[in-house]
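Working notes, structure below.
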Amino acid sequence: MSATTIARQCTLCEAHCGILVTVEDAQVTRIEGNPDDVLSQGYICPKATAMGGLHHDPDRLRTPMRRAGDGFEPIGWDEAFREIGQRLRAVRSAYGPSAIGMYLGNPAAHSSSVIYGALLRVVLLTRNFFSASSIDQFPQEFVAWRMFGSNVLMPVIDIDRTDRLVILGANPAVSNGSITTMPNAKQRIKDVRGRGGQVVVIDPRRTETARLADQHVAVSPGGDVYLLLAMLHVLVAENLCDEKAIRAQCTGWEQLRELVAEATPEQMAPHAGVDADTIRGLARDHAAASSAVLYARIGVCQQVTGTLTHWLVNTINAVTGNLDRAGGQMFATPPIDAARFAKYLPMGYGAWTDRSGAYKSFRSELPVAVLADEILTEGDGRIRAMITYAGNPVLSTPQRGRLGAALDSLDFYVAVDMYITETTRHADIILPPISPLEREDVNILFPVFSVRNNLRYDARVFDPPADGLEDWQIMARLITEMVPMPVRRFTGRALNGLFEQFSPVRLATAGVATGPYGVLRRGRKGLTVAKARASAGGIDLGPLLPRLRALIGTKDHKVHLAPEDFLAATRTLLDDARAGSALTTPADGYDLKLIGRRHLRSNNSWLHNVPAMVKGRDRCTALMHPDDATDRGLTHGEPVTVTSPTGSIVVPLEVSDDIRAGTVAIPHGWGHREPGVGWTVAAALPGANVNLLHDPSLTDTFSGNAAVNNTWVAITRAPADAVIEEHVQRAWTSGGSVRVAQYE
């Protein structure tokens with residue numbers, strides 16, 4: 001059989017790089033970058049090459065599975081949906097709609113099937129909806145809502161035209177952008193410098209991105225908010241702001257000036273961990289650049305000050321005239337212009353709370369930090385059944401290690417997932433969608449956050465099996481099952497038939513036709529999905545354009561620089577700083593601040609069952625500065641116990657000056673030790689679940705986003721009988737001192 005090559009995208013991360021997949025005898029033989037792709041232009045990272053391994057993985061589920069004792073047995077789709085419907089409806093009838101909880105994981109957003117996931121959430125009528133957004137992006141959405149009137153209006157960085165790029169708590173050289181989709185971010189960063197611009201990275205660790213920069217500022221974990229307040233003080237005090245742009249675009253300028261009047265670099269420096277002269281230089285250089293942009297991401301989202309930090313990022317960009325202009329923060333014009341209409345959606349902030357009353361709903365969902373409590377705590381409103389879609393919250397969220405037991409306590413749990421994971425192993429029924437290479441798609445989400453306007457089509461590489469279902473088809477069948485009897489008896493078949501006529505691709509086709517470039521606006525020359533399908537690598541729709549005035553959803557159509565609750569929280573922060581109080585005070589015996597880190601070959605826990613993605617040295621290590629290791633009598637490669645007030649784990653120690661003293665970094669998504677997990681390769685890997693160390697009650701003040709950066713820990717030599725694989729220790733001690741860059 002001759003080889004065929006199909007052009008599509010890798011859907012394993014937000015970058016969605018264009019790939020060419022070569023198939024011979026029903027096997028993927030090669031995956032390479034597509035040079036014709038309008039966004040990635042031939043670039044791919046190692047993750048893209050894993051799509052073949054993911055498709056062919058013998059551990060990937062191909063049929064629905066039902067719990068049988070301590071394991072699972074295969075069942076048919078109709079039987080599975082029939083049982084799911086009966087049991088979920090029984091729970092709803094006995095305890096009400098909010099007795100059913102739902103969790104939506106990140107992979108769901110990587111295809112347009114998320115439309116049907118959202119529709120299922122609406123049909124359930126439950127208050128107990130959770131998603132991965134409250135572990136990684138709620139502060140950005142909350143700030144966008146308060147400043148611009150819509151949570152969707154999270155501005156992206158115009159990296160391809162900026163003259164000064166300042167990055168806080170993000171590592172785009174590894175992530176290729178997040179809420180700023182920029183494939184080959186590494187080259188884009190190099191290009192900033194190549195055209196005479198400057199790149200600065202503010203991070204406690206000398207990340208892969210920091211190694212590409214002109215300047216690395218090793219801020220103290222949690223110190224970003226103080227650094228930004230001091231920068232804003234300098235901009236105001238030295239008259240470096242663009243007041244013409246401020247008065248044209250914004251409200252709250254006088255309140256902002258008053259707020260930062262005493263936030264001098266000298267006062268903020270001890271809390272930021274950055275000297276006053278460096279802070280002044282950062283502010284002055286930002287104002288002096290012909291175009292400049294601050295970009296912050298997960299590292300600062302996952303803090304108690306996540307909302308305040310992102311507010312200050314947007315504010316500094318705005319007051320220096322770098323909002324909604326080329327080279328600054330901008331907003332895409334996607335082919336389906338969802339952002340233009342999202343401002344009319346209610347955010348439901350505080351419409352309800354969790355049962356403790358401590359956490360408010362935002363965009364009609366609760367923070368995932370309360371999920372285990374909402375299942376385990378007895379009383380009215382308790383979650384008694386659960387649906388999870390494409391997520392692994394047992395590993396990816398802080399729950400004090402109780403979420404597995406919580407899932408076991410449910411009356412019923414159904415999971416939509418391709419694997420038996422640490423989370424889905426607790427399910428009563430698992431519904432596996434077909435592989436990504438068996439789907440066609442037109443992604444409608446990431447063009448909203450792309451650094452260049454575009455439309456791209458995802459072609460199928462393989463025909464789906466006759467008995468296989470796509471994610472959206474599974475969601476549609478679940479929706480049908482939730483229609484109450486006796487109505488469902490007469491409408492169920494009709495609903496299923498109706499849904500089949502409205503696949504995400506058909507919905508996207510209609511959306512593109514009616515969008516800003518579509519045929520209904522531009523006639524024959526207008527954009528269509530058919531044209532994208534026929535293209536070699538998508539359709540380039542040009543650079544980002546100023547359009548905030550058309551998008552903004554605030555009542556006065558102005559950017560709100562000074563929301564009163566943000567001002568009040570910042571005043572308290574500044575009062576505490578002037579009194580010499582630290583943002584967080586360590587408990588006795590805990591003297592290191594724990595932060596996260598990611599790796600180019602990992603994407604949460606998704607790829608740990610693909611051998612090519614996990615080969616080589618152990619990546620789940622505790623990265624520590626040499627001075628801290630010496631002070632504790634620890635050596636590179638030995639197993640150490642990392643302890644917090646919440647829990648402890650054992651991992652190998654990695655000693656490097658790539659991290660600020662007093663700080664330690666451990667990646668998340670590891671620790672595949674749960675019995676019954678169906679990941680053969682992952683289950684044999686070393687590593688530990690770092691979320692066992694984080695306190696779920698520690699969250700961002702406003703949004704409830706989990707604050708898993710800046711956790712206080714202690715590190716000691718592990719006992720001789722500590723559970724850590726002997727081959728891991730040998731691999732690390734035999735190699736001597738190894739810098740992260742060597743295997744990333």
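Chain lettering (A, B, ...) mirrors the order of the structure tokens, residue numbering begins at 1 for each chain separately, and ligand numbering begins at 1 in order of display.
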Near stretch 373-384 of chain A, within 10 Å and counting only C-alpha atoms, which residues show up once chain neighbours fewer than 6 positions away are dropped, as an NGL selection string? :A and (88 or 91-92 or 95-102 or 126-128 or 354-356 or 399 or 402-403 or 405-413 or 696)
Keeping only C-alpha atoms, write the selected residues to a file as an mmCIF file, in the first residue's frame.
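For reference, part16.cif as written:
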```
data_model
loop_
_atom_site.group_PDB
_atom_site.id
_atom_site.type_symbol
_atom_site.label_atom_id
_atom_site.label_comp_id
_atom_site.auth_asym_id
_atom_site.auth_seq_id
_atom_site.Cartn_x
_atom_site.Cartn_y
_atom_site.Cartn_z
ATOM 1 C CA LEU A 88 -28.314 10.075 36.351
ATOM 2 C CA VAL A 91 -30.084 10.961 41.134
ATOM 3 C CA ARG A 92 -31.652 14.124 39.731
ATOM 4 C CA TYR A 95 -31.870 14.996 45.058
ATOM 5 C CA GLY A 96 -32.337 17.734 42.459
ATOM 6 C CA PRO A 97 -30.235 18.881 39.451
ATOM 7 C CA SER A 98 -27.289 20.174 41.504
ATOM 8 C CA ALA A 99 -26.714 16.686 42.905
ATOM 9 C CA ILE A 100 -25.021 16.011 39.550
ATOM 10 C CA GLY A 101 -21.596 17.642 39.181
ATOM 11 C CA MET A 102 -19.578 18.096 36.006
ATOM 12 C CA THR A 126 -26.514 22.127 37.970
ATOM 13 C CA ARG A 127 -24.728 24.700 40.072
ATOM 14 C CA ASN A 128 -21.906 22.231 40.590
ATOM 15 C CA ASP A 354 -20.298 26.583 47.405
ATOM 16 C CA ARG A 355 -22.072 25.237 50.488
ATOM 17 C CA SER A 356 -19.539 26.801 52.853
ATOM 18 C CA GLN A 399 -7.573 18.262 46.861
ATOM 19 C CA ARG A 402 -9.069 13.171 48.913
ATOM 20 C CA LEU A 403 -10.606 13.392 45.453
ATOM 21 C CA ALA A 405 -12.014 8.687 47.767
ATOM 22 C CA ALA A 406 -14.636 11.321 46.991
ATOM 23 C CA LEU A 407 -15.248 9.875 43.531
ATOM 24 C CA ASP A 408 -15.540 6.384 45.023
ATOM 25 C CA SER A 409 -18.237 7.643 47.388
ATOM 26 C CA LEU A 410 -20.525 8.833 44.581
ATOM 27 C CA ASP A 411 -23.783 7.072 43.733
ATOM 28 C CA PHE A 412 -22.720 7.157 40.079
ATOM 29 C CA TYR A 413 -19.815 8.512 38.030
ATOM 30 C CA PRO A 696 -6.941 23.767 48.234
#
```
Residue contacts of A:Leu561 (8 Å, only C-alpha atoms) excluding same-chain residues fewer than 5 positions away, as a list in words: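 So the residues in contact are Met147, Cys250, Thr251, Gly252, Trp253, Leu256 and Thr315 of chain A.
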Using N, CA, C and O atoms, can you write the selected residues to a file as a PDB file, in the first residue's frame?
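The resulting file, out.pdb, is reproduced below:
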```pdb
ATOM      1  N   MET A 147     -12.383  44.900  33.608  1.00  0.00           N
ATOM      2  CA  MET A 147     -11.777  46.025  32.894  1.00  0.00           C
ATOM      3  C   MET A 147     -12.447  46.307  31.546  1.00  0.00           C
ATOM      4  O   MET A 147     -12.620  47.470  31.159  1.00  0.00           O
ATOM      5  N   CYS A 250      -9.971  55.294  28.843  1.00  0.00           N
ATOM      6  CA  CYS A 250     -10.075  54.736  30.182  1.00  0.00           C
ATOM      7  C   CYS A 250     -10.824  55.626  31.169  1.00  0.00           C
ATOM      8  O   CYS A 250     -10.958  56.835  30.971  1.00  0.00           O
ATOM      9  N   THR A 251     -11.251  55.006  32.267  1.00  0.00           N
ATOM     10  CA  THR A 251     -11.731  55.710  33.446  1.00  0.00           C
ATOM     11  C   THR A 251     -10.912  55.248  34.642  1.00  0.00           C
ATOM     12  O   THR A 251     -10.275  54.194  34.595  1.00  0.00           O
ATOM     13  N   GLY A 252     -10.925  56.022  35.723  1.00  0.00           N
ATOM     14  CA  GLY A 252     -10.251  55.619  36.949  1.00  0.00           C
ATOM     15  C   GLY A 252      -8.814  56.074  37.063  1.00  0.00           C
ATOM     16  O   GLY A 252      -8.090  55.637  37.956  1.00  0.00           O
ATOM     17  N   TRP A 253      -8.375  56.976  36.173  1.00  0.00           N
ATOM     18  CA  TRP A 253      -6.978  57.407  36.155  1.00  0.00           C
ATOM     19  C   TRP A 253      -6.581  58.098  37.455  1.00  0.00           C
ATOM     20  O   TRP A 253      -5.537  57.803  38.024  1.00  0.00           O
ATOM     21  N   LEU A 256      -6.220  55.686  40.321  1.00  0.00           N
ATOM     22  CA  LEU A 256      -5.021  54.866  40.147  1.00  0.00           C
ATOM     23  C   LEU A 256      -3.777  55.635  40.572  1.00  0.00           C
ATOM     24  O   LEU A 256      -2.897  55.092  41.258  1.00  0.00           O
ATOM     25  N   THR A 315      -3.113  47.212  33.111  1.00  0.00           N
ATOM     26  CA  THR A 315      -3.104  48.641  33.412  1.00  0.00           C
ATOM     27  C   THR A 315      -1.819  49.307  32.935  1.00  0.00           C
ATOM     28  O   THR A 315      -1.846  50.390  32.336  1.00  0.00           O
TER      29      THR A 315
END
```
To test your reading of the structure, identify every residue in stretch 328-371 of chain A that backbone DSSP assigns to strand (DSSP E or B), and report it as an MDAnalysis selection string. chainID A and resid 329:330 353 360 362 365
What does the file look like for those residues with N, CA and C atoms, as a compact mmCIF listing (two decimals), in the first residue's frame?
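Listed below is the output, part_17.txt:
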```
# COMPACT_ATOMS: atom_id res chain seq x y z
N GLN A 329 -0.78 45.11 23.53
CA GLN A 329 -1.87 44.17 23.76
C GLN A 329 -2.98 44.45 22.76
N MET A 330 -3.46 43.39 22.09
CA MET A 330 -4.49 43.59 21.08
C MET A 330 -5.54 42.48 21.16
N THR A 353 -22.91 30.24 45.70
CA THR A 353 -21.62 29.91 46.29
C THR A 353 -21.55 28.41 46.51
N LYS A 360 -17.43 32.11 45.56
CA LYS A 360 -18.49 32.58 44.69
C LYS A 360 -18.39 31.94 43.31
N PHE A 362 -18.34 32.05 39.32
CA PHE A 362 -17.89 32.99 38.29
C PHE A 362 -18.10 32.32 36.95
N GLU A 365 -19.79 28.92 37.21
CA GLU A 365 -19.14 27.72 37.73
C GLU A 365 -18.43 28.03 39.03
```
The residue from A:Ala385, A:Leu371, A:Ile179, A:Ile420 with the smallest atom-to-atom distance to A:Thr680, counting only C-alpha atoms, is A:Ile420
Run DSSP on the backbone and grab whatever in stretch 194-317 of chain A lands in alpha helix (DSSP H); send it over as a VMD selection string. chain A and resid 194 224 to 237 243 to 249 253 to 259 265 to 272 276 to 288 298 to 301 306 to 317
Using only C-alpha atoms for the distances, tell me which of A:Pro139, A:Gly404, A:Gly515, A:Pro334 is nearest to A:His310.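 Checking each candidate against A:His310, we get A:Pro139 as the closest.
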